[in-house]
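Enquirer: Right, I'll just put the structure down here and ask away after.
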Amino acid sequence: MKNNTVALLCGIIFGAGLTLSQMTDPAKVLSFLDVTGNWDPSLIFVMLGALTITMISFRKILKKPSPLLTQRFVIASKTALDKPLILGSAIFGIGWGITGYCPGPSVAGLGLGNIEALIMVCSIYAGFWAYGKMKV
């Protein structure tokens, strides 16, 4: 129960941050991606803020013997660039560029009652399902 409460609180804070930074507004994101037209560079500051906090906090957190709410840290062991990673990144980028949503903001957009966010989340789960069928 404690882990679920912490996860819910983190999700609420994350969603509020996405909303505050306007990452849940596809038009804002698409104008950031439109570097040859009406480019809006303001989301660079959102990304820089997130990267700065992550770099500082991860260094401190990973020095601890274990996380607060579980037994051990789970760190990705895969470091090589391979075909599935590159293909998945390309599909992610194309989807982000077409819709203006990535997974986090699309879930946060559900809370705002955005129909496009609902379509995006359903599409994400359809992709999970298709991947599961192809992988097996």
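Each chain in the structure tokens gets a letter, A, B, ..., in the order shown, and its residues are numbered from 1; ligands are numbered from 1 in order too.
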Go through chain A and collect every residue that DSSP, computed from the backbone, puts in helix (DSSP H, G or I); the answer should be as a ChimeraX atom specification.
Expert: /A:2-20,26-33,43-61,83-99,103-111,115-135
Enquirer: Give me the residues near range 124-131 of chain A as a ChimeraX atom specification, where near means some atom within 12 Å (using only C-alpha atoms) and where sequence neighbours in that chain fewer than 2 positions away do not count.
Expert: /A:84,88,91-92,95-96,101-104,106-107,117-122,133-136
Enquirer: Report, in Å to a single decimal, how far apart CA of Gly15 in chain A and CA of Asp34 in chain A are.
Expert: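 Interatomic distance here is 24.4 Å.
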Enquirer: Within 12 Å of Phe45 in chain A, counting only C-alpha atoms, which residues show up once you throw out same-chain ones fewer than 4 positions away? Write them as a PyMOL selection string, please.
Expert: chain A and resi 21-23+32+40-41+49-52
Enquirer: CA of Gly100 in chain A to CA of Ile53 in chain A: how many Å, to one decimal?
Expert: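 So the answer is 23.9 Å.
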Enquirer: Show which residues sit within 12 Å of Trp39 in chain A, as a list in words. Count only C-alpha atoms, and ignore same-chain residues fewer than 6 positions away.
Expert: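 That gives Ala27, Lys28, Val29, Leu30, Ser31, Phe32 and Leu33 of chain A.
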